[in-house]
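Input: a single structure, listed below in structure tokens.
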Amino acid sequence: MLRLFGQIERVARVATTVLIQGESGTGKELVARALHDASPRAGAAFVAVNCGAIPAHLLESELFGHVRGAFTDASSDRAGLFEAADGGTLFLDEIADLPLPLQVKLLRVLQDGEVRRLGSNKAFTVDVRVAAASAVPLRQRVRDQLFREDLFYRLSVIELKVPALRERTGDLDLLVADLIAATNRRLGTHIQGLTPDARSRLQGRLWPGNVRELKNAVEQACVLAESPWIAADEIAMDPLPLDLPVRAPLDLSNLSIPLAIENIERTLILEALQRTAGNRTRAALLLTISTRNLQYKIKQYGIAAPPIPGRPPRVGMP
């Protein structure tokens, strides 16, 4: 994290595009905000948009704006987020979910520094520093032909990697103390800290949801705690087994590399599906592959995902 802080400080000085990569819940938007706040653009707007949360047919208007009559509900001219962020920073979260047609238009804006509102031929010059983030490795998206290679290289002039919480468990005590203090201020609770058992319980967790999951667990414990010190049984956690299972020794009777790779892939996919209760999006994040690639491998290997209560098991379905 100290290395990351140093990178943020250095990168903030220049207006180049930045690609922030890390698992969901690691704090990618906080990194983008830190870049903005440490930059000469700190006095201008920081505008954030989640590319996966807005329907594709609305996202173009949201980013680039529109003129009156551009579509049925366009009753007046409207500036887009690029114009709103002029002079500042535009944070494009979950950039991997940007539809391919919009990827072309975003590339043009990054190259020319000009924006055209939907339905207009007039171009607006904008001075925007773009920071993009992705929980799915974009290089994999490029290989899967789901993300334009030219846009990837335009965005990834500088790449920042935000580590998962399980990779920096030494920060847990500091994070928990900060989260408790923030919860006390916001909710009026009076929690002083954790009991030793509660601390051990947190330290033994792999935290697949990263800091976001930790925040939820700490906040809930602060509310439910019966004393100023949070006990271990007052920390609610996902009941799924998160400790790594003991692997069987390798079978060297067959030295086929393709067969070994297939067996390893099947084992890892089954493990990821088990940990996420069959949620394929979360499983793909754990496996650091795209959801589409995971769906293909599930079908290829005929893997049955853990059944959802009340529904039959899904076998080999995309």
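Simple scheme: letters A, B, ... for chains in structure tokens order, numbers from 1 for residues in each chain, numbers from 1 for ligands in the order shown.
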I want to know what sits within 6 Å of segment 87-96 of chain A, based on only C-alpha atoms, with residues of the same chain fewer than 3 positions away left out; could you give that as a list in words? Arg41, Ala44, Ala45, Phe46, Val47, Ala48, Val49, Asn50, Cys51, Gly52, Asp127, Val128, Arg129, Val130, Ala131, Ala132, Ala133 and Ser134 of chain A
Store the residues picked out above in a file with C-alpha atoms, as an mmCIF file, in the first residue's frame.
```cif
data_model
loop_
_atom_site.group_PDB
_atom_site.id
_atom_site.type_symbol
_atom_site.label_atom_id
_atom_site.label_comp_id
_atom_site.auth_asym_id
_atom_site.auth_seq_id
_atom_site.Cartn_x
_atom_site.Cartn_y
_atom_site.Cartn_z
ATOM 1 C CA ARG A 41 -7.142 19.614 -10.943
ATOM 2 C CA ALA A 44 -12.355 21.250 -10.334
ATOM 3 C CA ALA A 45 -14.992 18.522 -10.450
ATOM 4 C CA PHE A 46 -14.459 14.841 -9.764
ATOM 5 C CA VAL A 47 -17.213 12.988 -11.640
ATOM 6 C CA ALA A 48 -17.759 9.230 -11.230
ATOM 7 C CA VAL A 49 -19.921 6.899 -13.303
ATOM 8 C CA ASN A 50 -20.372 3.130 -13.143
ATOM 9 C CA CYS A 51 -20.402 1.901 -16.737
ATOM 10 C CA GLY A 52 -22.083 -1.346 -15.721
ATOM 11 C CA ASP A 127 -9.959 19.079 -20.795
ATOM 12 C CA VAL A 128 -10.647 15.965 -18.758
ATOM 13 C CA ARG A 129 -8.324 13.583 -16.984
ATOM 14 C CA VAL A 130 -9.797 10.069 -17.341
ATOM 15 C CA ALA A 131 -9.254 7.406 -14.699
ATOM 16 C CA ALA A 132 -10.806 4.040 -15.515
ATOM 17 C CA ALA A 133 -11.227 1.035 -13.248
ATOM 18 C CA SER A 134 -11.933 -2.632 -13.768
#
```
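The smallest atom-to-atom distance between Thr288 of chain A and any of A:Ala304, A:Ala181, A:Ile8, A:Leu268, using only C-alpha atoms, is found for A:Leu268.
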At what distance in Å, to one decimal, does atom CA of Lys28 of chain A lie from atom CA of His190 of chain A?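 These two atoms are separated by 29.6 Å.
Comparing the minimum interatomic distances between Ala42 of chain A and each of A:Leu107, A:Phe82, A:Ala12, A:Ile20, counting only C-alpha atoms, we find that A:Ala12 sits nearest.
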Using only C-alpha atoms, find the one residue out of A:Leu63, A:Val162, A:Leu81, A:Ala225 that sits nearest to Ala135 of chain A.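 Closest to Ala135 of chain A, using only C-alpha atoms: A:Val162.
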Where does DSSP see strand (DSSP E) in segment 26-266 of chain A, if you list the residues as a PDB file with N, CA and C atoms, in the first residue's frame?
```
ATOM      1  N   PHE A  46     -14.724  16.279  -9.648  1.00  0.00           N
ATOM      2  CA  PHE A  46     -14.459  14.841  -9.764  1.00  0.00           C
ATOM      3  C   PHE A  46     -15.805  14.183 -10.044  1.00  0.00           C
ATOM      4  N   VAL A  47     -15.941  13.574 -11.211  1.00  0.00           N
ATOM      5  CA  VAL A  47     -17.213  12.988 -11.640  1.00  0.00           C
ATOM      6  C   VAL A  47     -17.019  11.487 -11.812  1.00  0.00           C
ATOM      7  N   ALA A  48     -17.861  10.695 -11.165  1.00  0.00           N
ATOM      8  CA  ALA A  48     -17.759   9.230 -11.230  1.00  0.00           C
ATOM      9  C   ALA A  48     -18.996   8.640 -11.874  1.00  0.00           C
ATOM     10  N   VAL A  49     -18.801   7.614 -12.691  1.00  0.00           N
ATOM     11  CA  VAL A  49     -19.921   6.899 -13.303  1.00  0.00           C
ATOM     12  C   VAL A  49     -19.569   5.421 -13.364  1.00  0.00           C
ATOM     13  N   ASN A  50     -20.544   4.576 -13.046  1.00  0.00           N
ATOM     14  CA  ASN A  50     -20.372   3.130 -13.143  1.00  0.00           C
ATOM     15  C   ASN A  50     -20.901   2.682 -14.495  1.00  0.00           C
ATOM     16  N   GLY A  65     -23.779  13.550 -23.456  1.00  0.00           N
ATOM     17  CA  GLY A  65     -24.853  14.517 -23.529  1.00  0.00           C
ATOM     18  C   GLY A  65     -25.711  14.329 -24.774  1.00  0.00           C
ATOM     19  N   HIS A  66     -26.754  15.142 -24.905  1.00  0.00           N
ATOM     20  CA  HIS A  66     -27.628  15.076 -26.079  1.00  0.00           C
ATOM     21  C   HIS A  66     -28.250  16.436 -26.341  1.00  0.00           C
ATOM     22  N   ARG A  78     -28.837  18.680 -23.077  1.00  0.00           N
ATOM     23  CA  ARG A  78     -28.287  18.229 -21.794  1.00  0.00           C
ATOM     24  C   ARG A  78     -26.805  17.938 -21.959  1.00  0.00           C
ATOM     25  N   ALA A  79     -26.000  18.507 -21.082  1.00  0.00           N
ATOM     26  CA  ALA A  79     -24.558  18.244 -21.094  1.00  0.00           C
ATOM     27  C   ALA A  79     -24.282  16.867 -20.521  1.00  0.00           C
ATOM     28  N   THR A  89     -11.595  15.592 -13.305  1.00  0.00           N
ATOM     29  CA  THR A  89     -11.333  14.164 -13.504  1.00  0.00           C
ATOM     30  C   THR A  89     -12.650  13.422 -13.709  1.00  0.00           C
ATOM     31  N   LEU A  90     -12.676  12.542 -14.699  1.00  0.00           N
ATOM     32  CA  LEU A  90     -13.820  11.656 -14.926  1.00  0.00           C
ATOM     33  C   LEU A  90     -13.395  10.237 -14.594  1.00  0.00           C
ATOM     34  N   PHE A  91     -14.091   9.637 -13.641  1.00  0.00           N
ATOM     35  CA  PHE A  91     -13.779   8.273 -13.214  1.00  0.00           C
ATOM     36  C   PHE A  91     -14.781   7.312 -13.841  1.00  0.00           C
ATOM     37  N   LEU A  92     -14.297   6.436 -14.701  1.00  0.00           N
ATOM     38  CA  LEU A  92     -15.132   5.450 -15.388  1.00  0.00           C
ATOM     39  C   LEU A  92     -14.954   4.107 -14.693  1.00  0.00           C
ATOM     40  N   ASP A  93     -15.868   3.793 -13.784  1.00  0.00           N
ATOM     41  CA  ASP A  93     -15.787   2.535 -13.041  1.00  0.00           C
ATOM     42  C   ASP A  93     -16.356   1.403 -13.879  1.00  0.00           C
ATOM     43  N   GLU A 114     -12.344  16.052 -27.856  1.00  0.00           N
ATOM     44  CA  GLU A 114     -13.592  16.694 -28.247  1.00  0.00           C
ATOM     45  C   GLU A 114     -14.777  15.773 -28.009  1.00  0.00           C
ATOM     46  N   VAL A 115     -15.898  16.356 -27.639  1.00  0.00           N
ATOM     47  CA  VAL A 115     -17.114  15.602 -27.367  1.00  0.00           C
ATOM     48  C   VAL A 115     -18.226  16.123 -28.271  1.00  0.00           C
ATOM     49  N   ARG A 116     -18.985  15.208 -28.844  1.00  0.00           N
ATOM     50  CA  ARG A 116     -20.182  15.566 -29.611  1.00  0.00           C
ATOM     51  C   ARG A 116     -21.400  15.016 -28.904  1.00  0.00           C
ATOM     52  N   ALA A 123     -18.897  19.992 -32.036  1.00  0.00           N
ATOM     53  CA  ALA A 123     -17.954  19.390 -31.096  1.00  0.00           C
ATOM     54  C   ALA A 123     -17.582  20.380 -30.002  1.00  0.00           C
ATOM     55  N   PHE A 124     -17.495  19.872 -28.761  1.00  0.00           N
ATOM     56  CA  PHE A 124     -17.051  20.650 -27.610  1.00  0.00           C
ATOM     57  C   PHE A 124     -15.648  20.184 -27.233  1.00  0.00           C
ATOM     58  N   THR A 125     -14.745  21.129 -27.068  1.00  0.00           N
ATOM     59  CA  THR A 125     -13.419  20.782 -26.574  1.00  0.00           C
ATOM     60  C   THR A 125     -13.478  20.627 -25.061  1.00  0.00           C
ATOM     61  N   ARG A 129      -9.220  14.695 -17.313  1.00  0.00           N
ATOM     62  CA  ARG A 129      -8.324  13.583 -16.984  1.00  0.00           C
ATOM     63  C   ARG A 129      -9.189  12.356 -16.710  1.00  0.00           C
ATOM     64  N   VAL A 130      -8.987  11.280 -17.473  1.00  0.00           N
ATOM     65  CA  VAL A 130      -9.797  10.069 -17.341  1.00  0.00           C
ATOM     66  C   VAL A 130      -9.052   9.036 -16.513  1.00  0.00           C
ATOM     67  N   ALA A 131      -9.730   8.553 -15.475  1.00  0.00           N
ATOM     68  CA  ALA A 131      -9.254   7.406 -14.699  1.00  0.00           C
ATOM     69  C   ALA A 131     -10.299   6.309 -14.856  1.00  0.00           C
ATOM     70  N   ALA A 132      -9.886   5.158 -15.317  1.00  0.00           N
ATOM     71  CA  ALA A 132     -10.806   4.040 -15.515  1.00  0.00           C
ATOM     72  C   ALA A 132     -10.456   2.924 -14.549  1.00  0.00           C
ATOM     73  N   ALA A 133     -11.454   2.135 -14.195  1.00  0.00           N
ATOM     74  CA  ALA A 133     -11.227   1.035 -13.248  1.00  0.00           C
ATOM     75  C   ALA A 133     -11.927  -0.213 -13.733  1.00  0.00           C
ATOM     76  N   SER A 134     -11.343  -1.349 -13.394  1.00  0.00           N
ATOM     77  CA  SER A 134     -11.933  -2.632 -13.768  1.00  0.00           C
ATOM     78  C   SER A 134     -11.592  -3.680 -12.721  1.00  0.00           C
ATOM     79  N   ILE A 158      -0.837   4.543 -17.686  1.00  0.00           N
ATOM     80  CA  ILE A 158      -0.351   4.222 -16.349  1.00  0.00           C
ATOM     81  C   ILE A 158      -1.312   3.213 -15.742  1.00  0.00           C
ATOM     82  N   GLU A 159      -0.792   2.118 -15.195  1.00  0.00           N
ATOM     83  CA  GLU A 159      -1.630   1.120 -14.531  1.00  0.00           C
ATOM     84  C   GLU A 159      -1.308   1.101 -13.041  1.00  0.00           C
ATOM     85  N   LEU A 160      -2.361   1.141 -12.240  1.00  0.00           N
ATOM     86  CA  LEU A 160      -2.222   1.022 -10.795  1.00  0.00           C
ATOM     87  C   LEU A 160      -2.968  -0.216 -10.337  1.00  0.00           C
ATOM     88  N   LYS A 161      -2.317  -1.038  -9.538  1.00  0.00           N
ATOM     89  CA  LYS A 161      -2.933  -2.264  -9.036  1.00  0.00           C
ATOM     90  C   LYS A 161      -3.254  -2.084  -7.557  1.00  0.00           C
ATOM     91  N   GLY A 193     -13.383  -1.030  20.580  1.00  0.00           N
ATOM     92  CA  GLY A 193     -12.500  -1.921  19.833  1.00  0.00           C
ATOM     93  C   GLY A 193     -12.993  -3.355  19.836  1.00  0.00           C
ATOM     94  N   LEU A 194     -12.068  -4.274  19.576  1.00  0.00           N
ATOM     95  CA  LEU A 194     -12.373  -5.697  19.459  1.00  0.00           C
ATOM     96  C   LEU A 194     -11.793  -6.471  20.635  1.00  0.00           C
ATOM     97  N   TRP A 229     -16.827  -3.403  23.681  1.00  0.00           N
ATOM     98  CA  TRP A 229     -15.833  -4.243  23.005  1.00  0.00           C
ATOM     99  C   TRP A 229     -16.551  -5.320  22.211  1.00  0.00           C
ATOM    100  N   ILE A 230     -16.343  -5.350  20.902  1.00  0.00           N
ATOM    101  CA  ILE A 230     -17.023  -6.298  20.018  1.00  0.00           C
ATOM    102  C   ILE A 230     -16.497  -7.704  20.269  1.00  0.00           C
TER     103      ILE A 230
END
```
Per DSSP on the backbone, what are the alpha helix (DSSP H) residues of segment 146-242 of chain A, as a VMD selection string? chain A and resid 149 to 155 172 to 187 196 to 203 210 to 224
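Using only C-alpha atoms, the nearest neighbour of Thr291 of chain A within the list A:Gln21, A:Gln140, A:Thr195, A:Gln7 is A:Gln140.
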Neighbouring residues of segment 203-216 of chain A were defined as those with any atom within 12 Å, considering only C-alpha atoms; residues of the same chain fewer than 4 positions away were excluded. Please report them as a PyMOL selection string. chain A and resi 22-30+135+162-183+194+196-199+220-223+232+235-244+272+275-276+282-283+285-287
Residues as selected, C-alpha atoms, written as a PDB file, in the first residue's frame, can you do that?
```pdb
ATOM      1  CA  GLY A  22      -8.250  -4.596  -8.494  1.00  0.00           C
ATOM      2  CA  GLU A  23     -10.942  -6.885  -7.174  1.00  0.00           C
ATOM      3  CA  SER A  24     -14.377  -5.605  -6.277  1.00  0.00           C
ATOM      4  CA  GLY A  25     -14.376  -3.806  -2.932  1.00  0.00           C
ATOM      5  CA  THR A  26     -10.667  -2.947  -2.836  1.00  0.00           C
ATOM      6  CA  GLY A  27     -11.232   0.817  -3.075  1.00  0.00           C
ATOM      7  CA  LYS A  28     -10.527   1.676  -6.708  1.00  0.00           C
ATOM      8  CA  GLU A  29     -12.698   4.787  -6.579  1.00  0.00           C
ATOM      9  CA  LEU A  30     -10.803   5.959  -3.491  1.00  0.00           C
ATOM     10  CA  ALA A 135     -12.396  -5.580 -11.436  1.00  0.00           C
ATOM     11  CA  VAL A 162      -4.957  -2.147  -5.831  1.00  0.00           C
ATOM     12  CA  PRO A 163      -4.136  -5.218  -3.709  1.00  0.00           C
ATOM     13  CA  ALA A 164      -6.825  -7.468  -2.294  1.00  0.00           C
ATOM     14  CA  LEU A 165      -7.368  -7.313   1.460  1.00  0.00           C
ATOM     15  CA  ARG A 166      -6.121 -10.895   1.881  1.00  0.00           C
ATOM     16  CA  GLU A 167      -2.777  -9.701   0.463  1.00  0.00           C
ATOM     17  CA  ARG A 168      -2.391  -7.038   3.177  1.00  0.00           C
ATOM     18  CA  THR A 169      -3.898  -8.501   6.330  1.00  0.00           C
ATOM     19  CA  GLY A 170      -1.305  -6.570   8.324  1.00  0.00           C
ATOM     20  CA  ASP A 171      -3.480  -3.512   7.646  1.00  0.00           C
ATOM     21  CA  LEU A 172      -6.553  -5.048   9.283  1.00  0.00           C
ATOM     22  CA  ASP A 173      -6.035  -3.495  12.715  1.00  0.00           C
ATOM     23  CA  LEU A 174      -5.652  -0.008  11.247  1.00  0.00           C
ATOM     24  CA  LEU A 175      -8.628  -0.465   8.932  1.00  0.00           C
ATOM     25  CA  VAL A 176     -10.874  -1.805  11.700  1.00  0.00           C
ATOM     26  CA  ALA A 177      -9.940   1.047  14.031  1.00  0.00           C
ATOM     27  CA  ASP A 178     -10.728   3.588  11.329  1.00  0.00           C
ATOM     28  CA  LEU A 179     -14.025   1.871  10.444  1.00  0.00           C
ATOM     29  CA  ILE A 180     -15.092   1.732  14.097  1.00  0.00           C
ATOM     30  CA  ALA A 181     -14.313   5.437  14.549  1.00  0.00           C
ATOM     31  CA  ALA A 182     -16.233   6.323  11.377  1.00  0.00           C
ATOM     32  CA  THR A 183     -19.231   4.218  12.478  1.00  0.00           C
ATOM     33  CA  LEU A 194     -12.373  -5.697  19.459  1.00  0.00           C
ATOM     34  CA  PRO A 196      -8.834 -10.735  21.189  1.00  0.00           C
ATOM     35  CA  ASP A 197     -11.149 -13.499  19.912  1.00  0.00           C
ATOM     36  CA  ALA A 198     -12.920 -11.059  17.585  1.00  0.00           C
ATOM     37  CA  ARG A 199      -9.585  -9.855  16.259  1.00  0.00           C
ATOM     38  CA  GLN A 220     -23.047  -4.407  11.734  1.00  0.00           C
ATOM     39  CA  ALA A 221     -20.977  -5.522  14.730  1.00  0.00           C
ATOM     40  CA  CYS A 222     -20.871  -1.948  16.078  1.00  0.00           C
ATOM     41  CA  VAL A 223     -24.654  -1.794  15.991  1.00  0.00           C
ATOM     42  CA  ALA A 232     -16.246 -12.712  18.153  1.00  0.00           C
ATOM     43  CA  ILE A 235     -19.273 -10.433  13.896  1.00  0.00           C
ATOM     44  CA  ALA A 236     -21.509 -11.812  11.161  1.00  0.00           C
ATOM     45  CA  MET A 237     -19.711 -13.573   8.329  1.00  0.00           C
ATOM     46  CA  ASP A 238     -20.572 -15.499   5.197  1.00  0.00           C
ATOM     47  CA  PRO A 239     -21.023 -19.125   6.321  1.00  0.00           C
ATOM     48  CA  LEU A 240     -19.351 -20.495   3.199  1.00  0.00           C
ATOM     49  CA  PRO A 241     -16.075 -22.306   3.914  1.00  0.00           C
ATOM     50  CA  LEU A 242     -13.307 -19.942   2.875  1.00  0.00           C
ATOM     51  CA  ASP A 243     -10.241 -21.829   4.068  1.00  0.00           C
ATOM     52  CA  LEU A 244      -8.282 -23.462   1.273  1.00  0.00           C
ATOM     53  CA  ALA A 272     -14.736 -20.680  -6.943  1.00  0.00           C
ATOM     54  CA  ARG A 275     -17.066 -20.143  -2.392  1.00  0.00           C
ATOM     55  CA  THR A 276     -19.534 -17.842  -4.155  1.00  0.00           C
ATOM     56  CA  ARG A 282     -18.111 -13.312  -8.331  1.00  0.00           C
ATOM     57  CA  ALA A 283     -16.543 -16.654  -9.262  1.00  0.00           C
ATOM     58  CA  LEU A 285     -13.532 -12.341 -10.302  1.00  0.00           C
ATOM     59  CA  LEU A 286     -11.890 -14.899  -7.997  1.00  0.00           C
ATOM     60  CA  LEU A 287     -10.554 -16.770 -11.036  1.00  0.00           C
TER      61      LEU A 287
END
```
Separation of atom CA of Val104 of chain A from atom CA of Leu59 of chain A in Å: 13.5 Å
